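Enquirer: Dropping in query.cif, with mmCIF, C-alpha atoms.
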data_structure
loop_
_atom_site.label_atom_id
_atom_site.label_comp_id
_atom_site.auth_asym_id
_atom_site.auth_seq_id
_atom_site.Cartn_x
_atom_site.Cartn_y
_atom_site.Cartn_z
CA MET K 12 -22.45 -33.70 -21.59
CA PRO K 13 -22.58 -29.88 -21.21
CA VAL K 14 -24.56 -28.54 -18.27
CA LEU K 15 -25.99 -25.02 -18.13
CA GLU K 16 -24.45 -22.85 -15.42
CA GLU K 17 -27.66 -22.40 -13.45
CA GLN K 18 -28.08 -26.15 -12.92
CA ASN K 19 -24.41 -26.87 -12.19
CA HIS K 20 -24.96 -26.71 -8.46
CA PHE K 21 -27.75 -29.31 -8.56
CA VAL K 22 -25.47 -31.76 -10.36
CA ALA K 23 -22.64 -30.90 -7.98
CA ASP K 24 -24.93 -31.51 -5.02
CA PHE K 25 -25.78 -34.93 -6.41
CA GLU K 26 -22.13 -35.83 -6.89
CA GLN K 27 -21.40 -34.75 -3.33
CA ALA K 28 -24.31 -36.72 -1.89
CA GLU K 29 -23.99 -39.76 -4.16
CA GLN K 30 -22.21 -42.01 -1.66
CA SER K 31 -24.74 -41.35 1.09
CA LEU K 32 -27.66 -41.72 -1.32
CA ALA K 33 -26.32 -45.08 -2.48
CA LYS K 34 -26.79 -46.40 1.07
CA ILE K 35 -30.52 -45.63 1.00
CA GLY K 36 -32.53 -48.29 -0.80
CA PRO K 37 -31.48 -51.17 -3.05
CA ALA K 38 -28.90 -50.96 -5.84
CA PRO K 39 -31.52 -50.65 -8.64
CA LEU K 40 -32.81 -47.50 -6.95
CA HIS K 41 -29.42 -45.87 -7.06
CA ARG K 42 -29.01 -46.80 -10.70
CA LEU K 43 -32.32 -45.02 -11.25
CA ARG K 44 -30.93 -41.96 -9.48
CA GLU K 45 -27.84 -41.94 -11.69
CA THR K 46 -29.94 -42.24 -14.84
CA ALA K 47 -32.21 -39.43 -13.67
CA ILE K 48 -29.38 -36.97 -12.92
CA GLN K 49 -27.90 -37.67 -16.34
CA ARG K 50 -31.28 -36.97 -17.89
CA PHE K 51 -31.62 -33.76 -15.88
CA ALA K 52 -28.22 -32.59 -17.11
CA ALA K 53 -29.24 -33.34 -20.69
CA LEU K 54 -32.63 -31.63 -20.47
CA GLY K 55 -31.53 -28.49 -18.68
CA LEU K 56 -33.91 -26.32 -16.72
CA PRO K 57 -36.88 -24.97 -18.72
CA THR K 58 -36.69 -21.51 -20.28
CA LEU K 59 -39.22 -19.12 -21.76
CA ASP K 60 -38.47 -20.72 -25.13
CA ASP K 61 -40.17 -23.91 -23.93
CA GLU K 62 -43.84 -23.77 -24.90
CA GLU K 63 -45.00 -25.25 -21.59
CA TRP K 64 -43.04 -22.63 -19.61
CA ARG K 65 -43.42 -19.49 -21.71
CA PHE K 66 -45.42 -17.64 -19.03
CA THR K 67 -43.28 -18.77 -16.10
CA PRO K 68 -39.81 -17.19 -15.94
CA LEU K 69 -37.51 -19.24 -13.71
CA ALA K 70 -34.80 -16.59 -13.37
CA PRO K 71 -35.59 -15.93 -9.66
CA LEU K 72 -35.06 -19.66 -9.01
CA THR K 73 -32.09 -20.33 -11.28
CA GLN K 74 -30.12 -17.35 -10.02
CA MET K 75 -29.99 -18.82 -6.51
CA VAL K 76 -27.84 -21.57 -5.07
CA PHE K 77 -29.60 -23.96 -2.70
CA LYS K 78 -27.93 -26.24 -0.20
CA PRO K 79 -29.51 -29.54 0.91
CA GLY K 80 -31.96 -29.11 3.76
CA GLU K 81 -30.97 -30.33 7.20
CA SER K 82 -32.96 -31.69 10.11
CA ALA K 83 -34.45 -28.98 12.29
CA VAL K 84 -36.58 -28.66 15.40
CA VAL K 85 -40.01 -27.26 14.63
CA ASP K 86 -43.02 -26.62 16.82
CA ALA K 87 -45.53 -29.45 16.54
CA ALA K 88 -48.54 -27.23 17.31
CA LEU K 89 -47.49 -24.73 14.63
CA VAL K 90 -47.13 -27.48 12.03
CA GLN K 91 -50.53 -28.89 12.90
CA ARG K 92 -52.10 -25.45 12.66
CA LEU K 93 -50.47 -24.56 9.33
CA ALA K 94 -51.32 -27.90 7.73
CA LEU K 95 -54.86 -27.89 9.18
CA VAL K 96 -54.31 -31.40 10.55
CA ALA K 97 -57.15 -33.17 12.35
CA GLU K 98 -56.43 -34.29 15.90
CA ASP K 99 -57.33 -37.96 15.41
CA CYS K 100 -55.96 -38.62 11.93
CA HIS K 101 -53.00 -40.69 10.73
CA ARG K 102 -50.04 -38.35 10.28
CA LEU K 103 -46.63 -38.61 8.60
CA VAL K 104 -44.48 -35.50 9.01
CA PHE K 105 -41.22 -34.69 7.23
CA VAL K 106 -38.90 -31.76 7.97
CA ASN K 107 -36.68 -30.56 5.13
CA GLY K 108 -37.35 -33.86 3.36
CA GLY K 109 -36.47 -36.14 6.29
CA PHE K 110 -38.94 -38.21 8.31
CA ALA K 111 -39.77 -36.76 11.74
CA PRO K 112 -41.12 -39.61 13.94
CA ALA K 113 -41.69 -37.32 16.93
CA LEU K 114 -44.15 -35.21 14.90
CA SER K 115 -45.87 -38.18 13.30
CA SER K 116 -48.73 -40.29 14.57
CA LEU K 117 -49.98 -43.53 13.04
CA ARG K 118 -53.10 -44.95 14.58
CA GLU K 119 -54.43 -48.46 14.05
CA LEU K 120 -54.70 -49.36 10.37
CA PRO K 121 -56.34 -52.34 8.65
CA LEU K 122 -54.21 -55.47 8.28
CA GLY K 123 -51.79 -55.17 5.38
CA THR K 124 -52.00 -51.39 5.14
CA VAL K 125 -48.70 -49.53 5.05
CA ALA K 126 -48.22 -45.86 5.90
CA ASP K 127 -44.53 -45.25 6.43
CA SER K 128 -41.56 -43.22 5.33
CA LEU K 129 -40.21 -44.17 1.93
CA ALA K 130 -36.72 -44.78 3.34
CA SER K 131 -38.16 -47.31 5.78
CA ALA K 132 -40.35 -48.89 3.09
CA PHE K 133 -37.28 -49.56 0.93
CA LYS K 134 -36.15 -51.93 3.69
CA SER K 135 -39.37 -53.53 4.90
CA HIS K 136 -41.71 -53.35 1.88
CA ARG K 137 -39.43 -53.40 -1.13
CA ASP K 138 -41.75 -55.80 -2.97
CA LYS K 139 -44.56 -53.25 -2.72
CA VAL K 140 -42.47 -50.18 -3.63
CA GLU K 141 -40.32 -51.29 -6.57
CA PRO K 142 -43.11 -52.22 -9.05
CA TYR K 143 -44.54 -48.69 -8.87
CA LEU K 144 -41.89 -46.15 -7.92
CA ALA K 145 -40.91 -43.90 -10.87
CA GLN K 146 -43.10 -45.93 -13.24
CA TYR K 147 -45.64 -43.14 -13.81
CA ALA K 148 -43.80 -39.86 -13.18
CA ASP K 149 -42.02 -39.17 -16.46
CA TYR K 150 -38.48 -37.95 -15.90
CA GLU K 151 -37.43 -38.42 -19.53
CA ASP K 152 -39.05 -35.15 -20.62
CA HIS K 153 -39.52 -33.24 -17.38
CA ALA K 154 -36.42 -31.71 -15.82
CA PHE K 155 -37.80 -31.11 -12.34
CA THR K 156 -39.17 -34.66 -12.13
CA ALA K 157 -35.75 -35.93 -13.21
CA LEU K 158 -34.15 -33.81 -10.48
CA ASN K 159 -36.54 -35.18 -7.86
CA THR K 160 -35.92 -38.75 -9.02
CA ALA K 161 -32.17 -38.22 -8.79
CA PHE K 162 -32.53 -37.17 -5.15
CA ILE K 163 -35.04 -39.81 -4.02
CA GLN K 164 -34.15 -40.26 -0.39
CA ASP K 165 -37.27 -40.04 1.74
CA GLY K 166 -40.93 -39.24 1.54
CA ALA K 167 -44.17 -41.07 2.15
CA PHE K 168 -45.29 -44.54 1.09
CA ILE K 169 -48.93 -45.48 1.45
CA PHE K 170 -50.13 -48.94 0.43
CA LEU K 171 -53.79 -49.94 0.64
CA PRO K 172 -54.39 -53.69 0.29
CA LYS K 173 -57.38 -55.17 -1.49
CA ASN K 174 -60.73 -54.15 0.06
CA ALA K 175 -59.11 -51.97 2.74
CA VAL K 176 -61.17 -49.01 3.89
CA ILE K 177 -59.36 -46.32 5.87
CA GLU K 178 -61.92 -44.40 7.89
CA LYS K 179 -59.71 -41.55 9.09
CA PRO K 180 -57.75 -39.36 6.67
CA ILE K 181 -54.02 -39.89 6.22
CA TYR K 182 -52.01 -36.66 6.36
CA VAL K 183 -48.58 -36.34 4.76
CA VAL K 184 -46.98 -33.07 5.86
CA TYR K 185 -43.78 -31.69 4.36
CA VAL K 186 -42.32 -28.88 6.46
CA SER K 187 -39.59 -26.64 5.07
CA THR K 188 -37.34 -24.23 6.87
CA ALA K 189 -33.99 -22.59 6.20
CA GLY K 190 -31.14 -21.62 8.48
CA GLN K 191 -28.31 -19.41 7.29
CA GLY K 192 -28.98 -19.93 3.57
CA ALA K 193 -31.53 -21.10 1.04
CA THR K 194 -32.25 -24.84 1.15
CA ALA K 195 -33.74 -27.41 -1.21
CA SER K 196 -35.68 -30.62 -0.61
CA HIS K 197 -37.07 -33.19 -3.04
CA PRO K 198 -39.90 -35.07 -1.28
CA ARG K 199 -41.39 -38.11 -2.98
CA THR K 200 -44.81 -39.63 -2.25
CA LEU K 201 -46.06 -42.96 -3.57
CA VAL K 202 -49.66 -44.09 -3.04
CA VAL K 203 -50.74 -47.54 -4.19
CA ALA K 204 -54.41 -48.47 -3.81
CA GLU K 205 -55.26 -52.08 -4.61
CA HIS K 206 -58.65 -53.42 -5.78
CA THR K 207 -61.70 -51.75 -4.19
CA SER K 208 -59.71 -50.02 -1.45
CA GLN K 209 -60.75 -46.60 -0.16
CA ALA K 210 -58.94 -43.75 1.56
CA ARG K 211 -58.72 -39.99 1.95
CA ILE K 212 -55.23 -38.56 1.74
CA VAL K 213 -54.05 -35.01 2.41
CA GLU K 214 -50.62 -33.84 1.31
CA ALA K 215 -49.57 -30.52 2.85
CA PHE K 216 -46.50 -28.42 2.04
CA VAL K 217 -45.90 -25.74 4.66
CA GLY K 218 -43.21 -23.29 5.72
CA VAL K 219 -42.84 -22.42 9.38
CA ALA K 220 -41.17 -19.06 8.69
CA GLU K 221 -40.76 -16.60 5.84
CA ASP K 222 -37.61 -18.37 4.68
CA VAL K 223 -36.18 -18.78 1.18
CA TYR K 224 -36.17 -22.42 0.12
CA PHE K 225 -37.02 -24.67 -2.80
CA THR K 226 -39.46 -27.58 -2.59
CA ASN K 227 -39.40 -29.90 -5.60
CA GLY K 228 -41.96 -32.65 -5.00
CA VAL K 229 -43.35 -35.57 -6.97
CA THR K 230 -46.41 -37.63 -6.05
CA GLU K 231 -47.45 -40.85 -7.80
CA ILE K 232 -50.93 -42.31 -7.24
CA VAL K 233 -51.83 -45.75 -8.59
CA ALA K 234 -55.50 -46.70 -8.33
CA ALA K 235 -56.31 -50.32 -9.14
CA GLU K 236 -59.70 -51.64 -10.25
CA GLY K 237 -62.55 -50.23 -8.19
CA ALA K 238 -60.31 -48.17 -5.89
CA VAL K 239 -61.73 -44.92 -4.52
CA LEU K 240 -59.29 -42.18 -3.49
CA ASP K 241 -59.91 -38.65 -2.32
CA TYR K 242 -56.62 -36.72 -2.51
CA SER K 243 -56.16 -33.15 -1.32
CA LYS K 244 -53.07 -30.99 -1.59
CA LEU K 245 -52.51 -27.88 0.52
CA GLN K 246 -49.64 -25.62 -0.54
CA ARG K 247 -48.91 -23.12 2.22
CA GLU K 248 -45.25 -22.37 1.65
CA SER K 249 -43.37 -19.25 2.68
CA LYS K 250 -44.14 -16.20 0.52
CA ARG K 251 -40.43 -16.24 -0.39
CA ALA K 252 -40.33 -19.93 -1.31
CA PHE K 253 -40.16 -21.72 -4.64
CA HIS K 254 -42.52 -24.65 -5.06
CA VAL K 255 -42.57 -27.11 -7.96
CA HIS K 256 -44.77 -30.20 -7.71
CA ALA K 257 -45.88 -32.92 -10.11
CA LEU K 258 -48.83 -35.19 -9.40
CA HIS K 259 -49.21 -38.30 -11.56
CA VAL K 260 -52.38 -40.39 -11.33
CA HIS K 261 -52.83 -43.74 -13.05
CA GLN K 262 -56.30 -45.31 -12.94
CA ASP K 263 -57.48 -48.82 -13.66
CA LYS K 264 -60.98 -50.12 -14.41
CA SER K 265 -63.88 -48.43 -12.58
CA SER K 266 -61.60 -46.54 -10.22
CA ASN K 267 -62.54 -43.11 -8.91
CA VAL K 268 -59.94 -40.48 -8.00
CA LYS K 269 -60.71 -36.97 -6.80
CA SER K 270 -58.00 -34.34 -6.44
CA HIS K 271 -58.40 -31.01 -4.66
CA ALA K 272 -55.45 -28.59 -4.80
CA VAL K 273 -55.31 -25.33 -2.83
CA ASN K 274 -52.43 -22.85 -3.27
CA LEU K 275 -51.98 -20.12 -0.67
CA GLY K 276 -48.24 -19.44 -0.48
CA GLY K 277 -45.04 -19.43 -2.48
CA ARG K 278 -43.23 -16.77 -4.48
CA LEU K 279 -43.04 -18.92 -7.60
CA VAL K 280 -45.33 -21.95 -7.78
CA ARG K 281 -45.63 -24.52 -10.55
CA ASN K 282 -48.09 -27.41 -10.26
CA GLU K 283 -48.41 -30.17 -12.83
CA VAL K 284 -51.24 -32.70 -12.65
CA ASN K 285 -51.28 -35.61 -15.06
CA ALA K 286 -54.05 -38.20 -14.91
CA VAL K 287 -54.28 -41.26 -17.16
CA LEU K 288 -57.63 -43.04 -17.34
CA ASP K 289 -56.28 -46.36 -18.57
CA ALA K 290 -59.30 -48.66 -18.42
CA GLU K 291 -63.05 -48.51 -18.91
CA GLY K 292 -65.32 -46.96 -16.32
CA CYS K 293 -62.79 -44.62 -14.71
CA GLU K 294 -63.89 -41.34 -13.17
CA CYS K 295 -61.48 -38.51 -12.41
CA THR K 296 -62.12 -35.15 -10.73
CA LEU K 297 -59.58 -32.33 -10.61
CA ASN K 298 -60.42 -29.26 -8.54
CA GLY K 299 -58.07 -26.39 -7.81
CA LEU K 300 -58.04 -23.02 -6.07
CA SER K 301 -55.18 -20.51 -6.08
CA LEU K 302 -55.06 -17.27 -4.08
CA ALA K 303 -52.16 -14.97 -4.88
CA SER K 304 -51.21 -11.37 -4.18
CA GLY K 305 -48.15 -9.15 -4.26
CA ASP K 306 -45.75 -10.44 -6.90
CA GLN K 307 -46.63 -14.13 -6.52
CA LEU K 308 -46.72 -16.34 -9.61
CA VAL K 309 -48.86 -19.49 -9.59
CA ASP K 310 -48.80 -21.75 -12.66
CA ASN K 311 -51.21 -24.69 -12.86
CA HIS K 312 -50.76 -27.20 -15.68
CA THR K 313 -53.18 -30.12 -15.94
CA ARG K 314 -53.58 -32.95 -18.40
CA ILE K 315 -56.22 -35.68 -18.39
CA ASP K 316 -55.57 -38.57 -20.76
CA HIS K 317 -58.72 -40.45 -21.74
CA ALA K 318 -56.99 -43.58 -23.00
CA LYS K 319 -59.96 -45.99 -22.88
CA PRO K 320 -63.72 -45.74 -23.57
CA HIS K 321 -66.59 -45.07 -21.15
CA CYS K 322 -64.65 -42.77 -18.79
CA ALA K 323 -65.61 -39.42 -17.27
CA SER K 324 -63.59 -36.47 -16.02
CA HIS K 325 -64.61 -33.25 -14.29
CA GLU K 326 -62.29 -30.31 -13.80
CA LEU K 327 -62.81 -26.99 -12.01
CA TYR K 328 -59.87 -24.63 -11.42
CA LYS K 329 -60.29 -21.16 -9.93
CA SER K 330 -57.89 -18.33 -9.16
CA ILE K 331 -58.21 -15.15 -7.08
CA LEU K 332 -55.45 -12.69 -7.94
CA ASP K 333 -54.65 -9.41 -6.23
CA GLY K 334 -51.79 -6.89 -6.35
CA LYS K 335 -49.37 -7.73 -9.16
CA ALA K 336 -49.97 -11.46 -8.94
CA HIS K 337 -49.64 -13.55 -12.08
CA GLY K 338 -51.66 -16.69 -12.64
CA VAL K 339 -51.32 -19.33 -15.35
CA PHE K 340 -53.77 -22.09 -16.21
CA ASN K 341 -52.97 -24.57 -18.93
CA GLY K 342 -55.44 -27.43 -18.94
CA LYS K 343 -55.61 -30.14 -21.57
CA ILE K 344 -58.08 -32.94 -22.08
CA TYR K 345 -56.63 -35.50 -24.48
CA VAL K 346 -59.02 -38.09 -25.90
CA HIS K 347 -57.29 -41.03 -27.60
CA PRO K 348 -58.75 -42.71 -30.72
CA ASP K 349 -60.08 -45.70 -28.76
CA ALA K 350 -61.69 -43.60 -26.02
CA GLN K 351 -65.25 -43.58 -27.35
CA LYS K 352 -68.10 -42.51 -25.04
CA THR K 353 -65.80 -40.11 -23.19
CA ASP K 354 -67.57 -37.53 -21.04
CA ALA K 355 -65.26 -34.67 -20.05
CA LYS K 356 -65.84 -31.17 -18.75
CA GLN K 357 -63.23 -28.53 -17.95
CA THR K 358 -63.93 -25.14 -16.35
CA ASN K 359 -61.45 -22.40 -15.47
CA GLN K 360 -62.52 -19.20 -13.72
CA THR K 361 -60.40 -16.28 -12.52
CA LEU K 362 -61.32 -13.37 -10.27
CA LEU K 363 -59.07 -10.32 -10.62
CA LEU K 364 -59.13 -8.02 -7.58
CA SER K 365 -56.55 -5.60 -8.95
CA GLU K 366 -55.94 -3.84 -12.25
CA ASN K 367 -52.34 -5.08 -12.13
CA ALA K 368 -53.15 -8.77 -11.66
CA VAL K 369 -52.72 -10.97 -14.74
CA ILE K 370 -53.96 -14.41 -15.80
CA ASP K 371 -52.91 -16.45 -18.82
CA ALA K 372 -55.63 -19.06 -19.37
CA MET K 373 -55.31 -21.80 -21.98
CA PRO K 374 -58.02 -24.47 -21.81
CA GLN K 375 -57.43 -27.11 -24.49
CA LEU K 376 -59.16 -30.10 -26.02
CA GLU K 377 -57.46 -32.64 -28.27
CA ILE K 378 -60.02 -35.19 -29.43
CA PHE K 379 -59.26 -38.14 -31.69
CA ALA K 380 -62.52 -40.06 -31.15
CA ASP K 381 -65.87 -39.23 -32.74
CA ASP K 382 -68.39 -40.36 -30.10
CA VAL K 383 -67.62 -38.12 -27.15
CA LYS K 384 -69.09 -35.34 -25.05
CA CYS K 385 -66.39 -32.80 -24.18
CA THR K 386 -66.67 -29.17 -23.14
CA HIS K 387 -64.23 -26.57 -21.87
CA GLY K 388 -64.26 -22.89 -21.06
CA ALA K 389 -62.49 -20.07 -19.27
CA THR K 390 -63.80 -16.84 -17.76
CA VAL K 391 -61.87 -13.88 -16.37
CA GLY K 392 -63.52 -11.00 -14.54
CA GLN K 393 -63.83 -8.76 -11.52
CA LEU K 394 -66.38 -8.71 -8.74
CA ASP K 395 -69.83 -8.09 -10.18
CA ALA K 396 -70.89 -4.47 -9.58
CA GLU K 397 -74.59 -5.39 -9.56
CA SER K 398 -74.03 -8.04 -6.89
CA ILE K 399 -72.12 -5.54 -4.75
CA PHE K 400 -74.90 -2.99 -5.20
CA TYR K 401 -77.54 -5.58 -4.27
CA LEU K 402 -75.72 -6.47 -1.04
CA ARG K 403 -75.27 -2.80 -0.15
CA THR K 404 -79.02 -2.25 -0.50
CA ARG K 405 -79.38 -4.94 2.18
CA GLY K 406 -77.30 -2.94 4.65
CA ILE K 407 -73.91 -4.56 3.96
CA ASP K 408 -71.03 -2.12 3.51
CA GLU K 409 -68.90 -2.30 0.37
CA GLY K 410 -65.89 -3.95 2.02
CA ALA K 411 -68.01 -6.69 3.55
CA ALA K 412 -69.88 -7.16 0.27
CA ARG K 413 -66.64 -7.65 -1.63
CA ALA K 414 -65.38 -10.07 1.01
CA LEU K 415 -68.62 -12.05 0.89
CA LEU K 416 -68.53 -12.40 -2.90
CA THR K 417 -64.85 -13.39 -2.85
CA TYR K 418 -65.57 -15.99 -0.19
CA ALA K 419 -68.43 -17.45 -2.23
CA PHE K 420 -66.24 -17.65 -5.33
CA ALA K 421 -63.48 -19.53 -3.46
CA ASN K 422 -65.77 -21.73 -1.41
CA ASP K 423 -67.19 -23.27 -4.57
CA VAL K 424 -63.94 -25.28 -4.65
CA VAL K 425 -63.20 -25.50 -0.92
CA GLY K 426 -66.69 -26.86 -0.22
CA ARG K 427 -65.96 -29.90 -2.39
CA ILE K 428 -63.03 -31.09 -0.26
CA GLY K 429 -63.84 -34.42 1.36
CA VAL K 430 -61.70 -34.09 4.53
CA GLU K 431 -63.72 -32.17 7.09
CA SER K 432 -60.83 -30.69 9.10
CA LEU K 433 -59.16 -29.36 5.95
CA ARG K 434 -62.37 -27.99 4.50
CA GLU K 435 -63.43 -26.26 7.70
CA GLY K 436 -59.93 -24.90 8.31
CA LEU K 437 -59.82 -23.38 4.84
CA GLU K 438 -63.30 -21.93 5.20
CA GLU K 439 -62.23 -20.25 8.44
CA TRP K 440 -59.04 -18.97 6.78
CA LEU K 441 -61.07 -17.49 3.91
CA VAL K 442 -63.21 -15.60 6.41
CA GLN K 443 -60.24 -14.30 8.42
CA ARG K 444 -58.06 -13.25 5.47
CA ASN K 445 -60.21 -10.16 4.83
CA PRO K 446 -60.47 -7.61 7.65
CA SER K 447 -64.05 -6.76 6.66
CA PRO K 448 -66.54 -8.93 8.56
CA ILE K 449 -68.57 -11.50 6.62
#
Go ahead and express the file in the form of C-alpha cells.

Expert:
Amino acid sequence: MPVLEEQNHFVADFEQAEQSLAKIGPAPLHRLRETAIQRFAALGLPTLDDEEWRFTPLAPLTQMVFKPGESAVVDAALVQRLALVAEDCHRLVFVNGGFAPALSSLRELPLGTVADSLASAFKSHRDKVEPYLAQYADYEDHAFTALNTAFIQDGAFIFLPKNAVIEKPIYVVYVSTAGQGATASHPRTLVVAEHTSQARIVEAFVGVAEDVYFTNGVTEIVAAEGAVLDYSKLQRESKRAFHVHALHVHQDKSSNVKSHAVNLGGRLVRNEVNAVLDAEGCECTLNGLSLASGDQLVDNHTRIDHAKPHCASHELYKSILDGKAHGVFNGKIYVHPDAQKTDAKQTNQTLLLSENAVIDAMPQLEIFADDVKCTHGATVGQLDAESIFYLRTRGIDEGAARALLTYAFANDVVGRIGVESLREGLEEWLVQRNPSPI
C-alpha cells in the first residue's frame, strides 16, 4: 500500500522496532500494533484538505524526522515543579515514554486498586487491561491514534475497583527531552473506574528544556455505573515541541466525569476530546483553557455524544492569544435520536491581546431528538476598555489593570479544577506570567 513520503519514517521506525515491541505484552497486543500501523499507512497524515484539519497545517511536523526517545536523567525537583505535583500524592512518571521508577511514588491504595506502568500491567493485570485497551480510541479513522496504537509500549494503567475511593490525587507525568536530534514518544494511558468508584487524576505533559520533540498521546477513560472521576490535563511542553493528544471518555449509567485541560506550551498543539454518554443519567463536564503567544498554534476539537436519554453535559473552553498565535476551537454536541431529555450547554470564549492573533471558532450542534435543551455560543473580543478605565479610576495603572482582567478571564476555568495543588500552582503562574503586579 503506498505511503506518503512524510510518514515513511514512522512506518520505518515501526519496522525497525517491531521485534522489540513484540516482546512487550501478549501476542494479541502485537497483532493490534500491526493492524494499527497498516491503518496509519492507509490513512496518511491529515492535510488541509481534511475538513477537521483545515485550520491546522502540519507542514512543520511532517517536514521533520523524529527518532524514538531514549531514557534520560532528569531532575526530580524540576519535574515536580513543572507538573505542579503535590508532595503527598500518588505519582507515576515517564521519561520519553518509558517508566521512571526513581521519579515515581505510589502511596498506599485501597485493596484491588492498580496504578502501574502499562508495560508492567500487561504482565500482572492482563485480565484488567485487555477488555478495555484500544476499545474506545478509534484508530480506524484517526491517523495519529493509529500511530500511537502501533507504538503501544508503555504508559499508565489505573484501575479502580468497585466502591474504591482514592482520597489523594493520582498524577501521571510524561516528561520529554531530546538529545542530539528531535525525538518522538507515544504515551498511552488507560483509566478504568468500576461501579461507584471515585478518584482525581492529573495527566501532565512537560518538557524539561526548549527541545524539539513530538508527543503523540492517547488516553482512554472508562467510567462504569455511578463512577465519579475528576480528570485534569496540563500541557506544558517545550515552545518548540509538537503535541498531539486524544482523550476518549466512555460513560455508563449515572456516571460523572469532569475534564479540565490547560495548554501552556507547544509550538503546534492538537487536542481531541471525545466523550460518549452511553447510558441514562450521565453527566459530563469539559473545561479548557489555552494560553498562546508568539507563533504558537493550539487546536482544540471536542465532541460530546449524547447517545442515551436523561443526560447532561457542560462545556466551557477559553483561549487567551497574544503575538501571532493561532487558536482553533471546533466543538460539537451530537444528540442521537433516542437521547430525549438531553440538557447540553457549550460555551467558547476567546480573548485576543494582539491585533495579529487569530481564532477560528466553530461551535456546532447536531440534534436528532425533539425533546432537548441545548445551547451553544462563541465570543471573541479584546479587553474591555470600560473595565480598564474603571480600574484606572481606582488607582490601578493600565498594565496592572490589563493583567488583572486577563487573570480573571483565565481563572474562570482554572478555579474549577478539583485538585488543589494544580489549581493553586496555575493561579500562581497566571499571576507571575505578567510583569505588572496584580

Enquirer: My list of candidates is K:Ala28, K:Ala303, K:Ala355, K:Leu171. Which is closest to Val383 of chain K when distances are computed with only C-alpha atoms?

Expert: K:Ala355

Enquirer: May I ask which of the residues K:Ser432, K:Asn274, K:Ser365, K:Thr296 is the closest one to Lys179 of chain K, counting only C-alpha atoms?

Expert: K:Ser432

Enquirer: Work out how far apart atom CA of Asp152 of chain K and atom CA of Ala33 of chain K are and give it in Å to one decimal.

Expert: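 Pair atom CA of Asp152 of chain K / atom CA of Ala33 of chain K returns 24.3 Å.
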
Enquirer: Calculated over all atoms listed in the file, which of the candidates K:Asp381, K:Ser135, K:Leu93, K:His387 has the smallest distance to Arg247 of chain K?

Expert: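 The closest residue to Arg247 of chain K is K:Leu93.
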
Enquirer: Between K:Ala235, K:Ile344, K:Ala252, K:Val424, which has the minimum distance to Ala272 of chain K (counting only C-alpha atoms)?

Expert: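 Once distances to Ala272 of chain K are computed over only C-alpha atoms, the minimum belongs to K:Val424.
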